[in-house]
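J.: So here's data-v9.txt (compact mmCIF, N, CA and C atoms).
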```
# COMPACT_ATOMS: atom_id res chain seq x y z
N MET A 1325 0.82 -1.19 0.00
CA MET A 1325 0.00 0.00 0.00
C MET A 1325 0.87 1.26 0.00
N THR A 1326 1.99 1.17 -0.66
CA THR A 1326 2.87 2.33 -0.80
C THR A 1326 2.92 2.72 -2.28
N PRO A 1327 3.33 3.94 -2.57
CA PRO A 1327 3.41 4.35 -3.98
C PRO A 1327 4.41 3.49 -4.75
N THR A 1328 3.99 3.04 -5.93
CA THR A 1328 4.89 2.28 -6.79
C THR A 1328 5.22 3.06 -8.06
N THR A 1329 4.63 4.24 -8.21
CA THR A 1329 4.92 5.08 -9.36
C THR A 1329 6.35 5.58 -9.25
N ALA A 1330 7.11 5.41 -10.30
CA ALA A 1330 8.51 5.84 -10.28
C ALA A 1330 8.59 7.37 -10.30
N LEU A 1331 9.58 7.88 -9.61
CA LEU A 1331 9.83 9.33 -9.63
C LEU A 1331 10.43 9.71 -10.98
N ALA A 1332 10.02 10.87 -11.48
CA ALA A 1332 10.60 11.38 -12.72
C ALA A 1332 12.03 11.86 -12.43
N GLU A 1333 12.79 12.02 -13.46
CA GLU A 1333 14.16 12.48 -13.28
C GLU A 1333 14.15 13.86 -12.60
N GLY A 1334 14.89 13.97 -11.52
CA GLY A 1334 14.97 15.22 -10.78
C GLY A 1334 13.85 15.45 -9.78
N GLU A 1335 12.83 14.61 -9.80
CA GLU A 1335 11.70 14.74 -8.85
C GLU A 1335 12.14 14.22 -7.49
N ARG A 1336 11.69 14.89 -6.44
CA ARG A 1336 12.08 14.44 -5.09
C ARG A 1336 10.88 14.46 -4.16
N VAL A 1337 10.88 13.54 -3.21
CA VAL A 1337 9.81 13.46 -2.22
C VAL A 1337 10.07 14.52 -1.16
N ILE A 1338 9.05 15.34 -0.93
CA ILE A 1338 9.13 16.41 0.08
C ILE A 1338 8.67 15.89 1.44
N GLU A 1339 7.58 15.14 1.41
CA GLU A 1339 6.99 14.65 2.66
C GLU A 1339 6.17 13.41 2.39
N SER A 1340 6.06 12.54 3.39
CA SER A 1340 5.22 11.35 3.29
C SER A 1340 4.15 11.42 4.36
N PHE A 1341 2.95 10.97 4.00
CA PHE A 1341 1.82 10.97 4.92
C PHE A 1341 1.44 9.53 5.23
N HIS A 1342 1.53 9.17 6.50
CA HIS A 1342 1.23 7.82 6.97
C HIS A 1342 -0.02 7.86 7.84
N PRO A 1343 -0.83 6.80 7.84
CA PRO A 1343 -1.97 6.76 8.75
C PRO A 1343 -1.49 6.60 10.18
N ASP A 1344 -2.27 7.15 11.11
CA ASP A 1344 -1.96 7.09 12.53
C ASP A 1344 -2.79 5.98 13.18
N ARG A 1345 -2.12 5.06 13.85
CA ARG A 1345 -2.79 3.91 14.46
C ARG A 1345 -3.85 4.34 15.49
N ALA A 1346 -3.53 5.28 16.35
CA ALA A 1346 -4.49 5.73 17.37
C ALA A 1346 -5.71 6.38 16.72
N THR A 1347 -5.49 7.14 15.67
CA THR A 1347 -6.60 7.78 14.96
C THR A 1347 -7.47 6.72 14.30
N TYR A 1348 -6.86 5.70 13.73
CA TYR A 1348 -7.61 4.60 13.11
C TYR A 1348 -8.55 3.96 14.13
N TRP A 1349 -8.03 3.61 15.30
CA TRP A 1349 -8.86 2.94 16.31
C TRP A 1349 -9.88 3.89 16.91
N ARG A 1350 -9.55 5.16 17.07
CA ARG A 1350 -10.52 6.14 17.58
C ARG A 1350 -11.68 6.28 16.60
N ASP A 1351 -11.38 6.41 15.31
CA ASP A 1351 -12.43 6.52 14.30
C ASP A 1351 -13.34 5.29 14.31
N HIS A 1352 -12.76 4.12 14.47
CA HIS A 1352 -13.57 2.91 14.49
C HIS A 1352 -14.38 2.79 15.78
N ALA A 1353 -13.89 3.34 16.88
CA ALA A 1353 -14.67 3.35 18.12
C ALA A 1353 -15.92 4.21 17.93
N TRP A 1354 -15.77 5.37 17.28
CA TRP A 1354 -16.93 6.22 17.00
C TRP A 1354 -17.89 5.53 16.04
N LEU A 1355 -17.35 4.87 15.04
CA LEU A 1355 -18.18 4.13 14.08
C LEU A 1355 -18.94 3.01 14.80
N ALA A 1356 -18.29 2.33 15.71
CA ALA A 1356 -18.94 1.26 16.46
C ALA A 1356 -20.06 1.82 17.33
N ALA A 1357 -19.82 2.96 17.98
CA ALA A 1357 -20.87 3.57 18.81
C ALA A 1357 -22.09 3.91 17.96
N GLY A 1358 -21.86 4.45 16.77
CA GLY A 1358 -22.97 4.76 15.87
C GLY A 1358 -23.70 3.52 15.40
N ALA A 1359 -22.95 2.48 15.06
CA ALA A 1359 -23.55 1.22 14.61
C ALA A 1359 -24.36 0.57 15.73
N MET A 1360 -23.86 0.67 16.95
CA MET A 1360 -24.58 0.11 18.10
C MET A 1360 -25.91 0.84 18.30
N ALA A 1361 -25.87 2.17 18.26
CA ALA A 1361 -27.09 2.96 18.44
C ALA A 1361 -28.08 2.68 17.32
N LEU A 1362 -27.60 2.63 16.08
CA LEU A 1362 -28.47 2.37 14.95
C LEU A 1362 -29.10 0.97 15.05
N GLY A 1363 -28.30 -0.02 15.40
CA GLY A 1363 -28.82 -1.37 15.55
C GLY A 1363 -29.90 -1.46 16.61
N MET A 1364 -29.69 -0.78 17.73
CA MET A 1364 -30.69 -0.77 18.79
C MET A 1364 -31.95 -0.03 18.35
N ALA A 1365 -31.79 1.08 17.63
CA ALA A 1365 -32.95 1.86 17.17
C ALA A 1365 -33.80 1.05 16.19
N VAL A 1366 -33.13 0.34 15.29
CA VAL A 1366 -33.87 -0.48 14.31
C VAL A 1366 -34.66 -1.57 15.03
N LEU A 1367 -34.04 -2.24 15.98
CA LEU A 1367 -34.73 -3.31 16.71
C LEU A 1367 -35.87 -2.75 17.55
N TRP A 1368 -35.66 -1.59 18.16
CA TRP A 1368 -36.72 -0.95 18.96
C TRP A 1368 -37.91 -0.60 18.06
N ALA A 1369 -37.61 0.02 16.88
CA ALA A 1369 -38.67 0.41 15.94
C ALA A 1369 -39.43 -0.80 15.42
N ALA A 1370 -38.74 -1.93 15.31
CA ALA A 1370 -39.37 -3.15 14.82
C ALA A 1370 -40.14 -3.88 15.92
N GLY A 1371 -40.05 -3.38 17.15
CA GLY A 1371 -40.77 -3.99 18.26
C GLY A 1371 -40.08 -5.20 18.86
N ASN A 1372 -38.81 -5.38 18.59
CA ASN A 1372 -38.07 -6.51 19.13
C ASN A 1372 -37.82 -6.29 20.62
N PRO A 1373 -38.15 -7.26 21.47
CA PRO A 1373 -37.94 -7.08 22.92
C PRO A 1373 -36.46 -7.19 23.33
N HIS A 1374 -35.60 -7.60 22.43
CA HIS A 1374 -34.18 -7.78 22.75
C HIS A 1374 -33.35 -6.69 22.05
N VAL A 1375 -33.67 -5.44 22.37
CA VAL A 1375 -33.03 -4.29 21.74
C VAL A 1375 -31.51 -4.31 21.94
N TRP A 1376 -31.07 -4.81 23.08
CA TRP A 1376 -29.63 -4.82 23.39
C TRP A 1376 -28.81 -5.59 22.37
N THR A 1377 -29.43 -6.55 21.67
CA THR A 1377 -28.68 -7.32 20.68
C THR A 1377 -28.23 -6.46 19.50
N GLY A 1378 -28.92 -5.35 19.28
CA GLY A 1378 -28.48 -4.42 18.23
C GLY A 1378 -27.12 -3.82 18.56
N ALA A 1379 -26.89 -3.55 19.84
CA ALA A 1379 -25.59 -3.02 20.26
C ALA A 1379 -24.49 -4.07 20.05
N VAL A 1380 -24.79 -5.29 20.40
CA VAL A 1380 -23.81 -6.37 20.23
C VAL A 1380 -23.50 -6.56 18.75
N GLY A 1381 -24.53 -6.58 17.92
CA GLY A 1381 -24.32 -6.76 16.48
C GLY A 1381 -23.54 -5.62 15.86
N GLY A 1382 -23.89 -4.38 16.24
CA GLY A 1382 -23.17 -3.21 15.70
C GLY A 1382 -21.71 -3.23 16.09
N LEU A 1383 -21.43 -3.53 17.35
CA LEU A 1383 -20.05 -3.58 17.83
C LEU A 1383 -19.29 -4.70 17.13
N ALA A 1384 -19.91 -5.86 17.02
CA ALA A 1384 -19.23 -6.99 16.38
C ALA A 1384 -18.91 -6.70 14.92
N ALA A 1385 -19.86 -6.12 14.21
CA ALA A 1385 -19.65 -5.84 12.79
C ALA A 1385 -18.48 -4.88 12.59
N VAL A 1386 -18.44 -3.81 13.36
CA VAL A 1386 -17.36 -2.82 13.19
C VAL A 1386 -16.03 -3.40 13.68
N ALA A 1387 -16.05 -4.14 14.76
CA ALA A 1387 -14.80 -4.72 15.28
C ALA A 1387 -14.19 -5.71 14.29
N VAL A 1388 -15.02 -6.54 13.68
CA VAL A 1388 -14.51 -7.51 12.70
C VAL A 1388 -13.92 -6.78 11.50
N ARG A 1389 -14.65 -5.79 11.00
CA ARG A 1389 -14.17 -5.03 9.85
C ARG A 1389 -12.87 -4.30 10.20
N ALA A 1390 -12.83 -3.65 11.35
CA ALA A 1390 -11.63 -2.89 11.75
C ALA A 1390 -10.42 -3.80 11.86
N GLY A 1391 -10.59 -4.96 12.46
CA GLY A 1391 -9.48 -5.89 12.60
C GLY A 1391 -9.04 -6.47 11.27
N TYR A 1392 -10.00 -6.71 10.39
CA TYR A 1392 -9.70 -7.33 9.10
C TYR A 1392 -8.93 -6.40 8.17
N VAL A 1393 -9.29 -5.12 8.13
CA VAL A 1393 -8.64 -4.21 7.18
C VAL A 1393 -7.51 -3.39 7.80
N ALA A 1394 -7.28 -3.50 9.08
CA ALA A 1394 -6.25 -2.68 9.74
C ALA A 1394 -4.88 -2.86 9.11
N SER A 1395 -4.52 -4.08 8.78
CA SER A 1395 -3.17 -4.30 8.24
C SER A 1395 -2.96 -3.55 6.93
N ASP A 1396 -3.98 -3.47 6.09
CA ASP A 1396 -3.84 -2.72 4.83
C ASP A 1396 -3.93 -1.22 5.05
N GLU A 1397 -4.95 -0.79 5.79
CA GLU A 1397 -5.17 0.64 6.00
C GLU A 1397 -4.00 1.32 6.70
N LEU A 1398 -3.38 0.63 7.63
CA LEU A 1398 -2.29 1.25 8.39
C LEU A 1398 -0.95 1.19 7.67
N GLN A 1399 -0.91 0.54 6.51
CA GLN A 1399 0.31 0.50 5.70
C GLN A 1399 0.27 1.50 4.55
N ALA A 1400 -0.90 2.09 4.30
CA ALA A 1400 -1.05 3.03 3.18
C ALA A 1400 -0.14 4.24 3.39
N ARG A 1401 0.49 4.67 2.32
CA ARG A 1401 1.37 5.84 2.40
C ARG A 1401 1.16 6.71 1.16
N TRP A 1402 1.16 8.01 1.38
CA TRP A 1402 1.09 8.99 0.29
C TRP A 1402 2.36 9.80 0.33
N ASP A 1403 2.98 10.01 -0.82
CA ASP A 1403 4.19 10.81 -0.91
C ASP A 1403 3.90 12.10 -1.67
N LEU A 1404 4.29 13.21 -1.09
CA LEU A 1404 4.17 14.51 -1.74
C LEU A 1404 5.55 14.83 -2.32
N THR A 1405 5.59 14.99 -3.64
CA THR A 1405 6.85 15.35 -4.28
C THR A 1405 6.79 16.82 -4.69
N ASP A 1406 7.84 17.29 -5.30
CA ASP A 1406 7.84 18.67 -5.77
C ASP A 1406 7.01 18.83 -7.04
N ARG A 1407 6.42 17.73 -7.56
CA ARG A 1407 5.61 17.78 -8.78
C ARG A 1407 4.26 17.11 -8.67
N ARG A 1408 4.19 16.06 -7.82
CA ARG A 1408 2.98 15.24 -7.76
C ARG A 1408 2.67 14.79 -6.34
N LEU A 1409 1.45 14.28 -6.19
CA LEU A 1409 1.04 13.58 -4.98
C LEU A 1409 0.89 12.12 -5.40
N LEU A 1410 1.70 11.25 -4.82
CA LEU A 1410 1.72 9.83 -5.18
C LEU A 1410 1.06 9.02 -4.08
N GLY A 1411 0.06 8.25 -4.48
CA GLY A 1411 -0.67 7.44 -3.51
C GLY A 1411 -0.30 5.99 -3.59
N PRO A 1412 -1.01 5.17 -2.80
CA PRO A 1412 -0.75 3.73 -2.81
C PRO A 1412 -0.83 3.16 -4.23
N LEU A 1413 0.05 2.24 -4.48
CA LEU A 1413 0.18 1.58 -5.77
C LEU A 1413 0.49 2.61 -6.85
N THR A 1414 -0.35 2.75 -7.86
CA THR A 1414 0.00 3.64 -8.99
C THR A 1414 -0.76 4.96 -9.00
N ARG A 1415 -1.42 5.33 -7.92
CA ARG A 1415 -2.14 6.60 -7.90
C ARG A 1415 -1.14 7.75 -7.98
N ALA A 1416 -1.41 8.67 -8.87
CA ALA A 1416 -0.53 9.83 -9.04
C ALA A 1416 -1.36 11.02 -9.52
N VAL A 1417 -1.18 12.15 -8.85
CA VAL A 1417 -1.89 13.38 -9.20
C VAL A 1417 -0.86 14.49 -9.32
N ARG A 1418 -0.82 15.12 -10.49
CA ARG A 1418 0.07 16.27 -10.64
C ARG A 1418 -0.44 17.40 -9.76
N LEU A 1419 0.46 18.13 -9.12
CA LEU A 1419 0.06 19.21 -8.22
C LEU A 1419 -0.79 20.25 -8.94
N ALA A 1420 -0.50 20.50 -10.20
CA ALA A 1420 -1.25 21.49 -10.98
C ALA A 1420 -2.69 21.04 -11.24
N GLU A 1421 -2.98 19.75 -11.08
CA GLU A 1421 -4.33 19.22 -11.30
C GLU A 1421 -5.19 19.23 -10.05
N ILE A 1422 -4.61 19.58 -8.90
CA ILE A 1422 -5.38 19.57 -7.65
C ILE A 1422 -6.24 20.84 -7.58
N ARG A 1423 -7.55 20.63 -7.46
CA ARG A 1423 -8.49 21.75 -7.40
C ARG A 1423 -8.89 22.07 -5.97
N THR A 1424 -9.14 21.04 -5.16
CA THR A 1424 -9.64 21.22 -3.81
C THR A 1424 -8.95 20.26 -2.86
N VAL A 1425 -8.66 20.77 -1.65
CA VAL A 1425 -8.14 19.93 -0.57
C VAL A 1425 -8.99 20.26 0.65
N ARG A 1426 -9.66 19.24 1.20
CA ARG A 1426 -10.53 19.49 2.35
C ARG A 1426 -10.51 18.31 3.32
N GLY A 1427 -10.87 18.60 4.54
CA GLY A 1427 -10.90 17.57 5.57
C GLY A 1427 -12.25 16.88 5.64
N LEU A 1428 -12.22 15.60 5.88
CA LEU A 1428 -13.41 14.78 6.12
C LEU A 1428 -13.09 13.89 7.31
N GLY A 1429 -13.50 14.31 8.49
CA GLY A 1429 -13.14 13.56 9.69
C GLY A 1429 -11.63 13.61 9.88
N SER A 1430 -11.01 12.45 9.95
CA SER A 1430 -9.55 12.39 10.11
C SER A 1430 -8.85 12.23 8.76
N ALA A 1431 -9.62 12.29 7.68
CA ALA A 1431 -9.06 12.11 6.33
C ALA A 1431 -8.94 13.44 5.61
N VAL A 1432 -8.09 13.46 4.61
CA VAL A 1432 -7.94 14.61 3.73
C VAL A 1432 -8.39 14.16 2.35
N GLN A 1433 -9.35 14.90 1.79
CA GLN A 1433 -9.82 14.59 0.45
C GLN A 1433 -9.16 15.53 -0.53
N VAL A 1434 -8.59 14.95 -1.58
CA VAL A 1434 -7.96 15.71 -2.65
C VAL A 1434 -8.82 15.51 -3.90
N VAL A 1435 -9.31 16.63 -4.47
CA VAL A 1435 -10.15 16.58 -5.66
C VAL A 1435 -9.39 17.23 -6.81
N THR A 1436 -9.35 16.54 -7.94
CA THR A 1436 -8.63 17.05 -9.10
C THR A 1436 -9.56 17.88 -9.99
N THR A 1437 -8.96 18.57 -10.94
CA THR A 1437 -9.74 19.38 -11.87
C THR A 1437 -10.66 18.52 -12.73
N SER A 1438 -10.32 17.26 -12.92
CA SER A 1438 -11.18 16.35 -13.70
C SER A 1438 -12.24 15.68 -12.83
N GLY A 1439 -12.22 15.95 -11.52
CA GLY A 1439 -13.23 15.41 -10.61
C GLY A 1439 -12.84 14.15 -9.88
N ASP A 1440 -11.64 13.63 -10.12
CA ASP A 1440 -11.18 12.45 -9.38
C ASP A 1440 -11.00 12.83 -7.91
N LYS A 1441 -11.35 11.90 -7.02
CA LYS A 1441 -11.24 12.15 -5.59
C LYS A 1441 -10.36 11.09 -4.95
N HIS A 1442 -9.49 11.55 -4.07
CA HIS A 1442 -8.56 10.66 -3.37
C HIS A 1442 -8.64 10.97 -1.88
N LEU A 1443 -8.57 9.93 -1.03
CA LEU A 1443 -8.61 10.11 0.42
C LEU A 1443 -7.29 9.68 1.05
N ILE A 1444 -6.74 10.58 1.82
CA ILE A 1444 -5.57 10.26 2.64
C ILE A 1444 -6.14 10.07 4.04
N LYS A 1445 -6.27 8.81 4.45
CA LYS A 1445 -7.04 8.48 5.64
C LYS A 1445 -6.21 8.46 6.93
N TYR A 1446 -6.94 8.64 8.04
CA TYR A 1446 -6.45 8.47 9.41
C TYR A 1446 -5.23 9.32 9.72
N GLN A 1447 -5.33 10.61 9.42
CA GLN A 1447 -4.24 11.54 9.70
C GLN A 1447 -4.33 12.06 11.14
N ALA A 1448 -3.25 11.96 11.88
CA ALA A 1448 -3.24 12.43 13.26
C ALA A 1448 -3.43 13.94 13.31
N ASP A 1449 -2.85 14.66 12.38
CA ASP A 1449 -3.00 16.12 12.30
C ASP A 1449 -3.51 16.46 10.90
N ARG A 1450 -4.79 16.28 10.72
CA ARG A 1450 -5.40 16.49 9.41
C ARG A 1450 -5.14 17.89 8.88
N GLY A 1451 -5.23 18.89 9.73
CA GLY A 1451 -5.02 20.27 9.31
C GLY A 1451 -3.64 20.50 8.73
N ALA A 1452 -2.63 19.91 9.33
CA ALA A 1452 -1.26 20.06 8.84
C ALA A 1452 -1.09 19.37 7.49
N THR A 1453 -1.72 18.21 7.33
CA THR A 1453 -1.65 17.49 6.04
C THR A 1453 -2.32 18.32 4.96
N GLU A 1454 -3.51 18.85 5.25
CA GLU A 1454 -4.22 19.71 4.29
C GLU A 1454 -3.35 20.91 3.90
N ALA A 1455 -2.80 21.59 4.90
CA ALA A 1455 -2.01 22.79 4.65
C ALA A 1455 -0.79 22.49 3.79
N ARG A 1456 -0.14 21.37 4.06
CA ARG A 1456 1.08 21.02 3.32
C ARG A 1456 0.77 20.75 1.85
N ILE A 1457 -0.34 20.05 1.59
CA ILE A 1457 -0.71 19.74 0.21
C ILE A 1457 -1.18 21.01 -0.51
N ARG A 1458 -1.97 21.83 0.19
CA ARG A 1458 -2.41 23.10 -0.40
C ARG A 1458 -1.22 23.97 -0.80
N ALA A 1459 -0.26 24.08 0.11
CA ALA A 1459 0.91 24.91 -0.16
C ALA A 1459 1.70 24.39 -1.36
N ALA A 1460 1.87 23.08 -1.43
CA ALA A 1460 2.63 22.50 -2.55
C ALA A 1460 1.90 22.70 -3.87
N ALA A 1461 0.54 22.66 -3.82
CA ALA A 1461 -0.26 22.82 -5.04
C ALA A 1461 -0.52 24.29 -5.37
N GLY A 1462 -0.10 25.18 -4.49
CA GLY A 1462 -0.31 26.61 -4.74
C GLY A 1462 -1.76 27.04 -4.56
N LEU A 1463 -2.50 26.34 -3.66
CA LEU A 1463 -3.90 26.68 -3.39
C LEU A 1463 -4.00 27.58 -2.17
N ARG A 1464 -5.02 28.40 -2.16
CA ARG A 1464 -5.27 29.24 -0.99
C ARG A 1464 -5.98 28.42 0.08
N GLU A 1465 -5.91 28.89 1.32
CA GLU A 1465 -6.57 28.25 2.47
C GLU A 1465 -8.07 28.21 2.24
N GLY A 1466 -8.68 27.08 2.68
CA GLY A 1466 -10.14 26.98 2.66
C GLY A 1466 -10.61 26.42 1.41
```
When written as structure tokens, how does the structure in this file appear?

T.:
Amino acid sequence: MTPTTALAEGERVIESFHPDRATYWRDHAWLAAGAMALGMAVLWAAGNPHVWTGAVGGLAAVAVRAGYVASDELQARWDLTDRRLLGPLTRAVRLAEIRTVRGLGSAVQVVTTSGDKHLIKYQADRGATEARIRAAAGLREG
């Protein structure tokens, strides 16, 4: 889950963005709380006398998913070069093609002029990641 796109001649990596393990687990804890509440609400609305099982199901579903994908998600890396933003595998965005950089929870969404969207997930300091990419792409704040 690291960039495999080769650097162009003279291109250099300025900074790398790695997911933060604590942020990953915190986000999944919030997701589990929401899933638990939703599961209980659905069972309550359906008239099920065992509403508590919705909490168990919601927690189990998110916990299984979080454990299953953690190894991949926590290995993802994005490299910011002096010319491009290189993502996992062959994802590559020229800095001149970046139209918007915005935060979504702990992730940074990068939108290109052609409408492609990329997520740099589980950033411990999302604001700093956004600012660094904006500055490299020559975008104004906000």

J.: Between A:Ile1338, A:Leu1398, A:Ala1390, A:Leu1362, which has the minimum distance to Gly1378 (chain A) (counting all atoms listed in the file)?

T.: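 The answer is A:Leu1362, which sits nearest to Gly1378 (chain A).
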
J.: Excluding same-chain residues fewer than 5 positions from Leu1410 (chain A), what lies within 8 Å of it counting all atoms listed in the file, as a list in words?

T.: Thr1326, Pro1327, Thr1328, Thr1329, Arg1401, Trp1402, Asp1403, Leu1404, Thr1405, Arg1415, Ala1416, Val1417 and Arg1418 of chain A

J.: Compare A:Ala1384, A:Met1325, A:Ala1365, A:Leu1419 by their minimum atom-to-atom distance to Pro1343 (chain A), counting only C-alpha atoms, and give me the closest one.

T.: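 Of A:Ala1384, A:Met1325, A:Ala1365, A:Leu1419, the one nearest Pro1343 (chain A) is A:Met1325, counting only C-alpha atoms.
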
J.: Taking 3 positions as the minimum chain separation for residues in the same chain, which residues sit within 8 Å of Gly1439 (chain A) when counting only N, CA and C atoms? Answer as a compact mmCIF listing (two decimals) with N, CA and C atoms, keeping the file's coordinate frame.

T.:
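result-v5.txt written:
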```
# COMPACT_ATOMS: atom_id res chain seq x y z
N GLU A 1421 -2.98 19.75 -11.08
CA GLU A 1421 -4.33 19.22 -11.30
C GLU A 1421 -5.19 19.23 -10.05
N ARG A 1423 -7.55 20.63 -7.46
CA ARG A 1423 -8.49 21.75 -7.40
C ARG A 1423 -8.89 22.07 -5.97
N VAL A 1434 -8.59 14.95 -1.58
CA VAL A 1434 -7.96 15.71 -2.65
C VAL A 1434 -8.82 15.51 -3.90
N VAL A 1435 -9.31 16.63 -4.47
CA VAL A 1435 -10.15 16.58 -5.66
C VAL A 1435 -9.39 17.23 -6.81
N THR A 1436 -9.35 16.54 -7.94
CA THR A 1436 -8.63 17.05 -9.10
C THR A 1436 -9.56 17.88 -9.99
N HIS A 1442 -9.49 11.55 -4.07
CA HIS A 1442 -8.56 10.66 -3.37
C HIS A 1442 -8.64 10.97 -1.88
```

J.: Considering all atoms listed in the file, can you say which of A:Val1393, A:Val1337, A:Ala1431, A:Val1386 comes closest to His1352 (chain A)?

T.: A:Val1386

J.: Pick out the closest residue to Glu1335 (chain A) from this set: A:Asp1406, A:Asp1351, A:Asp1449, A:Glu1397. Count only N, CA and C atoms.

T.: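 Checking each candidate against Glu1335 (chain A), we get A:Asp1406 as the closest.
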